[in-house]
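Trainee: One file: input-v7.cif (mmCIF, C-alpha atoms and all ligand atoms).
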data_query
loop_
_atom_site.label_atom_id
_atom_site.label_comp_id
_atom_site.auth_asym_id
_atom_site.auth_seq_id
_atom_site.Cartn_x
_atom_site.Cartn_y
_atom_site.Cartn_z
CA VAL J 1426 -7.30 20.41 15.26
CA THR J 1427 -8.88 22.58 12.55
CA LEU J 1428 -8.71 20.88 9.17
CA LEU J 1429 -8.45 23.03 6.05
CA LEU J 1430 -9.65 21.46 2.81
CA ALA J 1431 -7.33 22.66 0.03
CA ILE J 1432 -8.57 20.74 -2.99
CA GLN J 1433 -8.20 21.85 -6.59
CA PRO J 1434 -11.62 21.37 -8.24
CA SER J 1435 -10.86 19.27 -11.32
CA GLY J 1436 -13.94 17.28 -12.25
CA GLY J 1437 -14.94 13.76 -11.33
CA ASN J 1438 -14.60 13.21 -7.60
CA TRP J 1439 -12.55 16.37 -7.09
CA SER J 1440 -15.37 18.63 -5.91
CA PRO J 1441 -14.42 20.44 -2.64
CA PRO J 1442 -18.06 20.59 -1.38
CA ALA J 1443 -18.41 16.81 -1.85
CA TRP J 1444 -15.25 16.25 0.23
CA HIS J 1445 -16.54 18.73 2.82
CA GLU J 1446 -19.73 16.71 3.14
CA ARG J 1447 -17.76 13.48 3.70
CA PHE J 1448 -15.36 15.04 6.21
CA SER J 1449 -18.26 16.71 8.10
CA ALA J 1450 -19.90 13.31 8.53
CA ARG J 1451 -16.62 11.79 9.80
CA LEU J 1452 -15.63 14.75 12.02
CA PRO J 1453 -18.94 16.16 13.28
CA GLY J 1454 -18.95 19.58 14.91
CA ARG J 1455 -15.57 20.63 13.51
CA ALA J 1456 -14.64 23.73 11.59
CA LEU J 1457 -13.66 22.48 8.13
CA PRO J 1458 -13.00 25.58 6.02
CA ILE J 1459 -12.51 25.20 2.28
CA ALA J 1460 -9.55 27.15 0.85
CA ASP J 1461 -10.50 29.78 -1.77
CA VAL J 1462 -14.14 29.59 -0.58
CA ASP J 1463 -14.35 30.19 3.17
CA VAL J 1464 -12.75 32.94 5.23
CA PHE J 1465 -10.46 31.42 7.89
CA ASP J 1466 -7.72 32.46 10.30
CA PRO J 1467 -4.45 30.94 8.97
CA ALA J 1468 -3.14 30.62 12.55
CA ALA J 1469 -6.10 28.39 13.48
CA ILE J 1470 -5.30 25.75 10.85
CA THR J 1471 -3.36 22.79 12.25
CA ALA J 1472 -4.07 20.17 9.54
CA VAL J 1473 -4.71 20.25 5.80
CA ALA J 1474 -6.40 17.77 3.51
CA ALA J 1475 -4.79 18.64 0.20
CA TRP J 1476 -5.02 17.76 -3.47
CA LYS J 1477 -2.96 20.01 -5.73
CA PRO J 1478 -3.37 23.00 -3.38
CA PRO J 1479 -2.50 26.46 -4.71
CA PRO J 1480 1.34 26.74 -4.53
CA GLY J 1481 2.33 28.90 -1.56
CA LEU J 1482 -0.87 28.35 0.42
CA LEU J 1483 0.51 25.87 2.95
CA ALA J 1484 3.44 28.20 3.74
CA THR J 1485 0.94 30.76 5.07
CA LEU J 1486 -0.27 28.44 7.86
CA PRO J 1487 2.08 29.06 10.83
CA ASN J 1488 0.64 26.34 13.10
CA LEU J 1489 0.33 23.55 10.56
CA ARG J 1490 1.20 20.16 12.11
CA VAL J 1491 0.21 17.64 9.44
CA ILE J 1492 -0.58 17.55 5.71
CA PHE J 1493 -2.85 14.79 4.41
CA ASN J 1494 -2.33 14.35 0.67
CA LEU J 1495 -5.59 13.00 -0.78
CA GLY J 1496 -3.82 10.72 -3.27
CA ALA J 1497 -1.05 8.11 -3.25
CA GLY J 1498 1.43 10.21 -5.25
CA VAL J 1499 2.87 13.34 -3.63
CA ASP J 1500 4.80 14.72 -6.63
CA ALA J 1501 2.39 17.65 -7.16
CA LEU J 1502 2.63 18.65 -3.50
CA LEU J 1503 6.43 18.37 -3.33
CA ALA J 1504 6.74 20.49 -6.48
CA ASP J 1505 5.80 23.55 -4.37
CA PRO J 1506 9.17 25.02 -3.29
CA THR J 1507 7.48 26.92 -0.44
CA LEU J 1508 6.06 23.75 1.13
CA PRO J 1509 6.86 23.84 4.89
CA GLN J 1510 9.85 21.51 5.40
CA HIS J 1511 9.14 20.35 8.94
CA VAL J 1512 5.49 19.32 8.56
CA PRO J 1513 4.86 15.59 8.00
CA ILE J 1514 3.01 14.58 4.83
CA VAL J 1515 0.72 11.55 4.97
CA ARG J 1516 -0.20 9.92 1.65
CA VAL J 1517 -3.16 7.68 0.82
CA VAL J 1518 -2.77 3.96 1.26
CA THR J 1519 -6.21 2.35 1.31
CA ALA J 1520 -7.42 -1.08 0.28
CA ASP J 1521 -9.95 0.67 -1.97
CA LEU J 1522 -7.29 2.55 -3.98
CA THR J 1523 -4.90 -0.41 -4.07
CA ARG J 1524 -7.57 -2.81 -5.36
CA ARG J 1525 -8.69 -0.38 -8.05
CA MET J 1526 -5.07 -0.13 -9.21
CA THR J 1527 -4.71 -3.90 -9.19
CA GLU J 1528 -7.88 -4.21 -11.27
CA TYR J 1529 -6.47 -1.80 -13.83
CA ILE J 1530 -3.03 -3.40 -14.02
CA VAL J 1531 -4.46 -6.91 -14.32
CA TRP J 1532 -7.06 -5.76 -16.85
CA GLN J 1533 -4.43 -4.17 -19.10
CA VAL J 1534 -1.93 -7.03 -18.74
CA LEU J 1535 -4.67 -9.50 -19.66
CA ASP J 1536 -5.79 -7.32 -22.57
CA GLN J 1537 -2.29 -7.43 -24.06
CA HIS J 1538 -1.72 -11.09 -23.21
CA ARG J 1539 -5.08 -12.09 -24.76
CA ARG J 1540 -4.50 -9.71 -27.71
CA GLY J 1541 -7.52 -7.51 -27.05
CA PRO J 1542 -6.44 -4.63 -29.34
CA MET J 1543 -5.81 -7.00 -32.27
CA LEU J 1544 -9.12 -8.84 -31.77
CA ARG J 1545 -11.11 -5.59 -31.53
CA ALA J 1546 -9.50 -4.33 -34.73
CA ALA J 1547 -10.32 -7.67 -36.42
CA GLN J 1548 -13.94 -7.42 -35.27
CA ALA J 1549 -14.18 -3.91 -36.70
CA ARG J 1550 -13.03 -5.36 -40.07
CA GLY J 1551 -15.44 -8.32 -39.80
CA ASP J 1552 -12.42 -10.59 -39.78
CA TRP J 1553 -12.67 -14.06 -38.11
CA LEU J 1554 -9.10 -13.99 -36.90
CA ALA J 1555 -8.09 -17.38 -35.54
CA LYS J 1556 -4.68 -17.03 -33.94
CA ASP J 1557 -2.41 -18.99 -31.66
CA GLN J 1558 -3.02 -18.54 -28.00
CA TRP J 1559 -0.36 -18.96 -25.37
CA ALA J 1560 -0.56 -19.57 -21.64
CA ALA J 1561 -0.03 -17.00 -18.90
CA HIS J 1562 3.11 -18.86 -17.87
CA ASP J 1563 4.57 -18.01 -21.28
CA MET J 1564 4.32 -14.29 -20.50
CA ARG J 1565 6.84 -12.32 -18.42
CA VAL J 1566 5.37 -9.35 -16.58
CA GLY J 1567 7.84 -6.93 -14.97
CA LEU J 1568 6.69 -4.46 -12.34
CA MET J 1569 8.77 -1.29 -11.95
CA GLY J 1570 8.26 -0.27 -8.35
CA LEU J 1571 7.30 -2.84 -5.76
CA GLY J 1572 5.28 -0.70 -3.39
CA GLU J 1573 1.74 -0.95 -2.05
CA ILE J 1574 0.17 -1.07 -5.51
CA ALA J 1575 2.64 -3.27 -7.37
CA GLN J 1576 2.83 -5.82 -4.55
CA ASP J 1577 -0.94 -6.26 -4.59
CA ALA J 1578 -1.08 -6.53 -8.39
CA ALA J 1579 1.86 -8.96 -8.37
CA ALA J 1580 -0.01 -11.37 -6.10
CA VAL J 1581 -2.95 -11.52 -8.53
CA LEU J 1582 -0.71 -11.87 -11.58
CA VAL J 1583 1.20 -14.72 -9.89
CA ARG J 1584 -2.14 -16.40 -9.08
CA LEU J 1585 -3.09 -16.15 -12.78
CA GLY J 1586 0.13 -17.95 -13.67
CA PHE J 1587 2.22 -15.17 -15.20
CA GLN J 1588 5.98 -15.13 -14.73
CA VAL J 1589 6.27 -12.04 -12.55
CA SER J 1590 9.34 -10.02 -11.71
CA GLY J 1591 9.78 -6.68 -9.99
CA TRP J 1592 12.32 -3.91 -9.62
CA SER J 1593 12.63 -1.49 -6.72
CA ARG J 1594 15.10 0.97 -5.21
CA THR J 1595 15.90 -1.24 -2.23
CA PRO J 1596 15.82 -5.07 -2.33
CA ARG J 1597 12.39 -6.65 -1.75
CA ARG J 1598 11.30 -10.26 -1.32
CA LEU J 1599 7.88 -11.33 -2.57
CA ASP J 1600 6.41 -14.82 -2.86
CA GLY J 1601 6.52 -16.08 -6.43
CA VAL J 1602 8.17 -12.94 -7.77
CA THR J 1603 11.74 -12.65 -9.05
CA THR J 1604 13.03 -9.39 -7.65
CA TYR J 1605 15.75 -6.97 -8.71
CA ALA J 1606 16.89 -3.70 -7.15
CA GLY J 1607 18.80 -0.55 -7.93
CA ALA J 1608 20.84 0.48 -10.94
CA ASP J 1609 22.60 -2.91 -11.22
CA GLY J 1610 19.29 -4.78 -11.18
CA LEU J 1611 17.67 -2.81 -13.98
CA ALA J 1612 19.27 -4.43 -17.05
CA PRO J 1613 18.60 -8.07 -16.01
CA PHE J 1614 15.05 -7.09 -14.99
CA LEU J 1615 14.32 -5.48 -18.37
CA ALA J 1616 15.95 -8.31 -20.33
CA THR J 1617 13.36 -10.76 -19.00
CA THR J 1618 10.28 -8.53 -19.31
CA ASP J 1619 7.66 -8.77 -22.08
CA ILE J 1620 5.04 -6.56 -20.44
CA LEU J 1621 6.49 -3.72 -18.35
CA VAL J 1622 4.21 -2.09 -15.77
CA ALA J 1623 5.47 1.18 -14.26
CA ALA J 1624 3.98 1.73 -10.80
CA LEU J 1625 6.67 4.12 -9.62
CA PRO J 1626 6.32 7.47 -7.90
CA LEU J 1627 7.50 10.52 -9.85
CA THR J 1628 10.70 11.79 -8.21
CA PRO J 1629 13.83 13.50 -9.54
CA GLN J 1630 15.33 9.98 -9.89
CA THR J 1631 12.40 8.46 -11.82
CA ARG J 1632 11.50 11.37 -14.11
CA GLY J 1633 11.93 10.27 -17.72
CA VAL J 1634 12.97 6.73 -16.76
CA LEU J 1635 10.67 5.24 -19.43
CA ASN J 1636 12.80 6.35 -22.34
CA ARG J 1637 14.27 4.89 -25.54
CA ARG J 1638 17.31 3.45 -23.79
CA LEU J 1639 15.12 1.58 -21.30
CA PHE J 1640 12.72 0.34 -24.00
CA GLU J 1641 15.68 -0.99 -25.99
CA GLY J 1642 16.65 -3.08 -22.95
CA LEU J 1643 13.33 -4.95 -22.81
CA ALA J 1644 13.10 -8.60 -23.91
CA ARG J 1645 12.72 -9.07 -27.66
CA ASP J 1646 12.17 -12.83 -27.65
CA GLY J 1647 8.69 -12.87 -26.10
CA LYS J 1648 5.43 -14.24 -27.48
CA LEU J 1649 4.07 -10.77 -28.29
CA GLY J 1650 6.87 -10.14 -30.81
CA ALA J 1651 7.74 -6.79 -29.22
CA PRO J 1652 7.53 -5.60 -25.63
CA VAL J 1653 4.66 -3.60 -24.18
CA VAL J 1654 4.83 -0.73 -21.68
CA ILE J 1655 2.00 0.12 -19.27
CA ASN J 1656 2.38 3.36 -17.25
CA VAL J 1657 0.07 3.78 -14.25
CA GLY J 1658 2.50 5.87 -12.15
CA ARG J 1659 2.79 9.43 -13.43
CA GLY J 1660 3.10 10.96 -16.90
CA GLY J 1661 6.52 12.41 -16.06
CA LEU J 1662 7.93 8.87 -15.93
CA HIS J 1663 7.68 8.44 -19.70
CA VAL J 1664 9.23 10.46 -22.49
CA GLU J 1665 6.32 10.81 -24.90
CA ALA J 1666 8.48 11.37 -27.99
CA ASP J 1667 10.45 8.18 -27.21
CA VAL J 1668 7.25 6.16 -26.69
CA LEU J 1669 5.94 7.30 -30.09
CA ALA J 1670 9.24 6.79 -31.92
CA CYS J 1671 9.79 3.34 -30.35
CA LEU J 1672 6.25 2.26 -31.30
CA ASP J 1673 6.83 3.38 -34.88
CA GLU J 1674 10.22 1.65 -35.04
CA GLY J 1675 8.90 -1.60 -33.57
CA ILE J 1676 11.04 -1.32 -30.43
CA LEU J 1677 7.75 -1.29 -28.54
CA GLY J 1678 4.74 -3.35 -29.66
CA ALA J 1679 2.16 -1.36 -27.73
CA ALA J 1680 1.80 1.24 -24.99
CA VAL J 1681 -0.93 1.57 -22.39
CA LEU J 1682 -0.94 4.96 -20.71
CA ASP J 1683 -3.17 6.18 -17.89
CA VAL J 1684 -1.05 9.20 -17.00
CA PHE J 1685 0.48 12.03 -19.05
CA GLU J 1686 2.92 14.88 -18.63
CA VAL J 1687 0.08 17.33 -19.37
CA GLU J 1688 -3.40 16.34 -18.20
CA PRO J 1689 -5.95 16.39 -19.72
CA LEU J 1690 -3.92 15.10 -22.67
CA PRO J 1691 -3.91 17.90 -25.31
CA ALA J 1692 -6.17 17.24 -28.30
CA ALA J 1693 -3.19 17.57 -30.64
CA SER J 1694 -1.25 14.70 -29.05
CA PRO J 1695 -0.59 11.89 -31.56
CA LEU J 1696 -1.13 9.43 -28.71
CA TRP J 1697 -4.91 9.87 -29.00
CA ARG J 1698 -5.16 8.15 -32.36
CA HIS J 1699 -2.07 5.94 -32.42
CA PRO J 1700 -3.20 2.42 -33.42
CA ARG J 1701 -0.94 0.77 -30.85
CA VAL J 1702 -1.72 3.03 -27.91
CA THR J 1703 -4.43 2.35 -25.36
CA LEU J 1704 -5.05 5.38 -23.24
CA THR J 1705 -7.28 6.10 -20.28
CA PRO J 1706 -7.89 9.51 -18.67
CA HIS J 1707 -5.91 9.10 -15.42
CA ASN J 1708 -8.63 6.95 -13.99
CA ALA J 1709 -6.77 3.73 -13.20
CA ALA J 1710 -8.00 4.32 -9.66
CA ASP J 1711 -10.63 6.93 -8.99
CA SER J 1712 -10.15 8.61 -5.61
CA ASP J 1713 -13.21 7.64 -3.62
CA PRO J 1714 -14.08 10.46 -1.16
CA ASP J 1715 -15.82 8.00 1.17
CA ALA J 1716 -12.85 5.67 1.51
CA ILE J 1717 -10.23 8.43 1.62
CA SER J 1718 -12.09 10.75 4.05
CA GLY J 1719 -12.51 7.76 6.36
CA TYR J 1720 -8.78 7.04 6.15
CA VAL J 1721 -7.78 10.68 6.79
CA ALA J 1722 -10.29 11.23 9.62
CA GLY J 1723 -9.13 8.02 11.28
CA GLN J 1724 -5.51 9.15 11.16
CA LEU J 1725 -6.41 12.65 12.34
CA LEU J 1726 -8.26 11.33 15.40
CA ALA J 1727 -5.40 8.95 16.22
CA PHE J 1728 -2.90 11.82 15.81
CA GLU J 1729 -4.91 13.95 18.23
CA ALA J 1730 -4.86 11.03 20.66
CA GLY J 1731 -1.05 11.07 20.49
CA GLN J 1732 -0.56 8.10 18.17
CA PRO J 1733 2.04 8.19 15.39
CA LEU J 1734 1.04 9.01 11.82
CA VAL J 1735 1.35 6.20 9.27
CA ASN J 1736 2.29 6.25 5.57
CA VAL J 1737 4.37 9.36 6.09
CA VAL J 1738 6.32 10.50 3.05
CA ASP J 1739 10.11 10.47 3.26
CA ARG J 1740 11.01 13.91 1.89
CA ARG J 1741 14.59 12.87 1.08
CA ARG J 1742 13.42 9.94 -1.08
CA GLY J 1743 10.63 12.02 -2.59
CA TYR J 1744 7.88 9.41 -2.01
N1 LIG J 1801 -2.93 6.28 -12.14
C1 LIG J 1801 -3.53 6.37 -10.97
O1 LIG J 1801 -4.75 6.51 -10.89
C2 LIG J 1801 -2.69 6.24 -9.72
C3 LIG J 1801 -3.35 5.94 -8.51
C4 LIG J 1801 -2.57 5.74 -7.37
C5 LIG J 1801 -1.19 5.86 -7.43
N2 LIG J 1801 -0.58 6.17 -8.62
C6 LIG J 1801 0.89 6.29 -8.68
O2 LIG J 1801 1.50 5.07 -8.26
C7 LIG J 1801 2.68 5.38 -7.53
C8 LIG J 1801 3.08 4.21 -6.67
O3 LIG J 1801 2.18 4.07 -5.60
P1 LIG J 1801 2.49 3.09 -4.36
O4 LIG J 1801 1.44 3.36 -3.35
O5 LIG J 1801 2.69 1.70 -4.82
O6 LIG J 1801 3.89 3.73 -3.87
P2 LIG J 1801 4.94 3.13 -2.82
O7 LIG J 1801 4.29 2.17 -1.91
O8 LIG J 1801 5.63 4.31 -2.24
O9 LIG J 1801 5.97 2.30 -3.73
C9 LIG J 1801 6.85 2.93 -4.61
C10 LIG J 1801 7.77 1.87 -5.19
O10 LIG J 1801 8.61 2.49 -6.17
C11 LIG J 1801 9.97 2.18 -5.87
N3 LIG J 1801 10.85 3.27 -6.26
C12 LIG J 1801 10.81 4.57 -5.92
N4 LIG J 1801 11.82 5.25 -6.45
C13 LIG J 1801 12.57 4.34 -7.13
C14 LIG J 1801 13.76 4.42 -7.88
N5 LIG J 1801 14.43 5.57 -8.04
N6 LIG J 1801 14.23 3.28 -8.45
C15 LIG J 1801 13.59 2.10 -8.27
N7 LIG J 1801 12.45 1.96 -7.57
C16 LIG J 1801 11.94 3.08 -7.00
C17 LIG J 1801 9.99 2.00 -4.37
O11 LIG J 1801 11.18 1.27 -4.00
P3 LIG J 1801 11.42 0.76 -2.51
O12 LIG J 1801 10.54 -0.46 -2.36
O13 LIG J 1801 12.86 0.42 -2.47
O14 LIG J 1801 11.01 1.88 -1.60
C18 LIG J 1801 8.70 1.25 -4.14
O15 LIG J 1801 8.85 -0.12 -4.39
C19 LIG J 1801 2.29 6.65 -6.77
O16 LIG J 1801 3.43 7.40 -6.39
C20 LIG J 1801 1.43 7.39 -7.77
O17 LIG J 1801 2.24 8.27 -8.54
C21 LIG J 1801 -1.31 6.36 -9.76
#
Since I need it in another form, could you write the structure as structure tokens?

Mentor:
Amino acid sequence: VTLLLAIQPSGGNWSPPAWHERFSARLPGRALPIADVDVFDPAAITAVAAWKPPPGLLATLPNLRVIFNLGAGVDALLADPTLPQHVPIVRVVTADLTRRMTEYIVWQVLDQHRRGPMLRAAQARGDWLAKDQWAAHDMRVGLMGLGEIAQDAAAVLVRLGFQVSGWSRTPRRLDGVTTYAGADGLAPFLATTDILVAALPLTPQTRGVLNRRLFEGLARDGKLGAPVVINVGRGGLHVEADVLACLDEGILGAAVLDVFEVEPLPAASPLWRHPRVTLTPHNAADSDPDAISGYVAGQLLAFEAGQPLVNVVDRRRGY
């Protein structure tokens, strides 16, 4: 198998030569051409390690047998209409990525629960702000999506004592978590959620799901006074204008956003300086080339040995 590295250079860990170095160490002696850098015979390529590859590129590889997406979300890849239909796509599911996501979700839930933004603002004013403090079991955290990431975060949140619920497409059972599923399950799920965490994939069904109508369905009788939304999935899940309007109208108390429709977030976006927005630059979980190249190389070697691929994307579902 000849593995093509088709990685859009985009700062941070997304440097194609750095990935090449990791893959070379894991797959010694192999040809590992880098798209847009090395000259290669398209017919020789049987596998691709891809992150936001140039649209159209994968369609030019007649003998492609497997696509390894170097992240958990495959929305960018599936957006290419020329993507070969018959080739399996494997996404990233590693303990490293999952734990980083859990850290971020728990960090941001705790920050809202313990009133971090309010206390930091009080410190900046030199204000000794003594306020009531409530227990974790007074706070209802609702996870939208109950996949690899949300399940791991849920276990930690349950351990901390939060009331945890979750919503998914198909019914799920999780220890200590009240679960809801599908269109019928959404309203009761929202009605008992103070802090909403979106850990959904971006698909045609989930695009724009975090909108005014959904925010209006969140619980309004919680300790925080108004519900909070945390989006760690993809920017296309939330409608930015609705987030801003609902913050200003008090329908939302705060928003924590790691992902945006346009990234990097344009300098003109009012989100940057909104007093009730916490934003991070799509770094809830950095993609670690060591962990991910190990995961991909392991699957590639198993595939060559005739074993089935794991964590294969279901094209019909879109994730
Ligand atoms: N910000 C970051 O740095 C970062 C890092 C990694 C991942 N992510 C994002 O996180 C997303 C989730 O990752 P994951 O590994 O947890 O994915 P996953 O294991 O595929 O889980 C996805 C979950 O979403 C649910 N879901 C999908 N479509 C739905 C719909 N229409 N209605 C209700 N529920 C729906 C699924 O329901 P079922 O259980 O019924 O299948 C599943 O529970 C990724 O797709 C990616 O976009 C972001």

Trainee: Kindly work out which residues sit at most 6 Å from ligand LIG 1801 (chain J), using only C-alpha atoms and all ligand atoms, and give the list as JSON, numbers by chain.

Mentor: {"J": [1497, 1498, 1570, 1571, 1572, 1573, 1574, 1575, 1593, 1594, 1595, 1607, 1624, 1625, 1626, 1627, 1630, 1631, 1657, 1658, 1659, 1683, 1684, 1707, 1708, 1709, 1710, 1744]}

Trainee: Mind checking which residues fall within 12 Å of J:Arg1741, counting only C-alpha atoms, ignoring those fewer than 3 positions away in the same chain, and posting them as a PyMOL selection string?

Mentor: chain J and resi 1503+1510+1628-1630+1737-1738+1744

Trainee: Applying 9 Å and only C-alpha atoms, which residues near J:Arg1490 remain after dropping the ones on its own chain fewer than 4 positions away? List them as a PyMOL selection string.

Mentor: chain J and resi 1470-1473+1511-1513

Trainee: Between J:Pro1714, J:Pro1453, J:Gly1642, J:Gly1660, which residue has the minimum interatomic distance to J:Asn1438, considering all atoms listed in the file?

Mentor: J:Pro1714

Trainee: Out of J:Gly1675, J:Thr1485, J:Ala1475, J:Pro1613, which residue has the shortest atom-to-atom distance to J:Thr1507 when counting all atoms listed in the file?

Mentor: J:Thr1485

Trainee: Smallest atom-to-atom distance to J:Tyr1605: which of J:Met1569, J:Val1534, J:Ala1501, J:Ala1680, using all atoms listed in the file?

Mentor: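 Between J:Met1569, J:Val1534, J:Ala1501, J:Ala1680, the residue approaching J:Tyr1605 most closely is J:Met1569.
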
Trainee: List the spatial neighbours of J:Glu1528 as an mmCIF file with C-alpha atoms, keeping the file's coordinate frame - criterion: any atom at most 12 Å away, all atoms listed in the file, same-chain residues fewer than 3 positions off excluded.

Mentor:
data_model
loop_
_atom_site.group_PDB
_atom_site.id
_atom_site.type_symbol
_atom_site.label_atom_id
_atom_site.label_comp_id
_atom_site.auth_asym_id
_atom_site.auth_seq_id
_atom_site.Cartn_x
_atom_site.Cartn_y
_atom_site.Cartn_z
ATOM 1 C CA ALA J 1520 -7.420 -1.080 0.280
ATOM 2 C CA ASP J 1521 -9.950 0.670 -1.970
ATOM 3 C CA LEU J 1522 -7.290 2.550 -3.980
ATOM 4 C CA THR J 1523 -4.900 -0.410 -4.070
ATOM 5 C CA ARG J 1524 -7.570 -2.810 -5.360
ATOM 6 C CA ARG J 1525 -8.690 -0.380 -8.050
ATOM 7 C CA VAL J 1531 -4.460 -6.910 -14.320
ATOM 8 C CA TRP J 1532 -7.060 -5.760 -16.850
ATOM 9 C CA GLN J 1533 -4.430 -4.170 -19.100
ATOM 10 C CA VAL J 1534 -1.930 -7.030 -18.740
ATOM 11 C CA LEU J 1535 -4.670 -9.500 -19.660
ATOM 12 C CA ASP J 1536 -5.790 -7.320 -22.570
ATOM 13 C CA ILE J 1574 0.170 -1.070 -5.510
ATOM 14 C CA ALA J 1575 2.640 -3.270 -7.370
ATOM 15 C CA ASP J 1577 -0.940 -6.260 -4.590
ATOM 16 C CA ALA J 1578 -1.080 -6.530 -8.390
ATOM 17 C CA ALA J 1579 1.860 -8.960 -8.370
ATOM 18 C CA ALA J 1580 -0.010 -11.370 -6.100
ATOM 19 C CA VAL J 1581 -2.950 -11.520 -8.530
ATOM 20 C CA LEU J 1582 -0.710 -11.870 -11.580
ATOM 21 C CA VAL J 1657 0.070 3.780 -14.250
ATOM 22 C CA ASN J 1708 -8.630 6.950 -13.990
ATOM 23 C CA ALA J 1709 -6.770 3.730 -13.200
ATOM 24 C CA ALA J 1710 -8.000 4.320 -9.660
ATOM 25 C CA ASP J 1711 -10.630 6.930 -8.990
#

Trainee: Quote the spacing between atom CA of J:Ala1474 and atom CA of J:Arg1451 in Å to one decimal place.

Mentor: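 Computing it gives 13.4 Å between the two atoms.
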
Trainee: Write out as a PDB file with C-alpha atoms, in the coordinates of the input each polymer residue whose atoms come within 9 Å of J:Phe1614, counting all atoms listed in the file; drop sequence neighbours fewer than 4 positions from it.

Mentor:
ATOM      1  CA  GLY J1567       7.840  -6.930 -14.970  1.00  0.00           C
ATOM      2  CA  SER J1590       9.340 -10.020 -11.710  1.00  0.00           C
ATOM      3  CA  GLY J1591       9.780  -6.680  -9.990  1.00  0.00           C
ATOM      4  CA  TRP J1592      12.320  -3.910  -9.620  1.00  0.00           C
ATOM      5  CA  THR J1603      11.740 -12.650  -9.050  1.00  0.00           C
ATOM      6  CA  THR J1604      13.030  -9.390  -7.650  1.00  0.00           C
ATOM      7  CA  TYR J1605      15.750  -6.970  -8.710  1.00  0.00           C
ATOM      8  CA  ALA J1606      16.890  -3.700  -7.150  1.00  0.00           C
ATOM      9  CA  GLY J1610      19.290  -4.780 -11.180  1.00  0.00           C
ATOM     10  CA  THR J1618      10.280  -8.530 -19.310  1.00  0.00           C
ATOM     11  CA  LEU J1643      13.330  -4.950 -22.810  1.00  0.00           C
TER      12      LEU J1643
END

Trainee: Using all atoms listed in the file, can you tell me which of J:Ala1666, J:Cys1671, J:Leu1482, J:Leu1495 comes closest to J:Ala1716?

Mentor: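 Going through J:Ala1666, J:Cys1671, J:Leu1482, J:Leu1495 one by one, the smallest distance to J:Ala1716 is for J:Leu1495.
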
Trainee: Nearest to J:Asn1636: which of J:Leu1621, J:Leu1554, J:Pro1652, J:Glu1665 is it, counting all atoms listed in the file?

Mentor: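 Result for the nearest residue to J:Asn1636: J:Glu1665.
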
Trainee: Between J:Val1491, J:Ala1693, J:Ala1504, J:Glu1641, which has the minimum distance to J:Arg1516 (counting only C-alpha atoms)?

Mentor: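 Of J:Val1491, J:Ala1693, J:Ala1504, J:Glu1641, the one nearest J:Arg1516, counting only C-alpha atoms, is J:Val1491.
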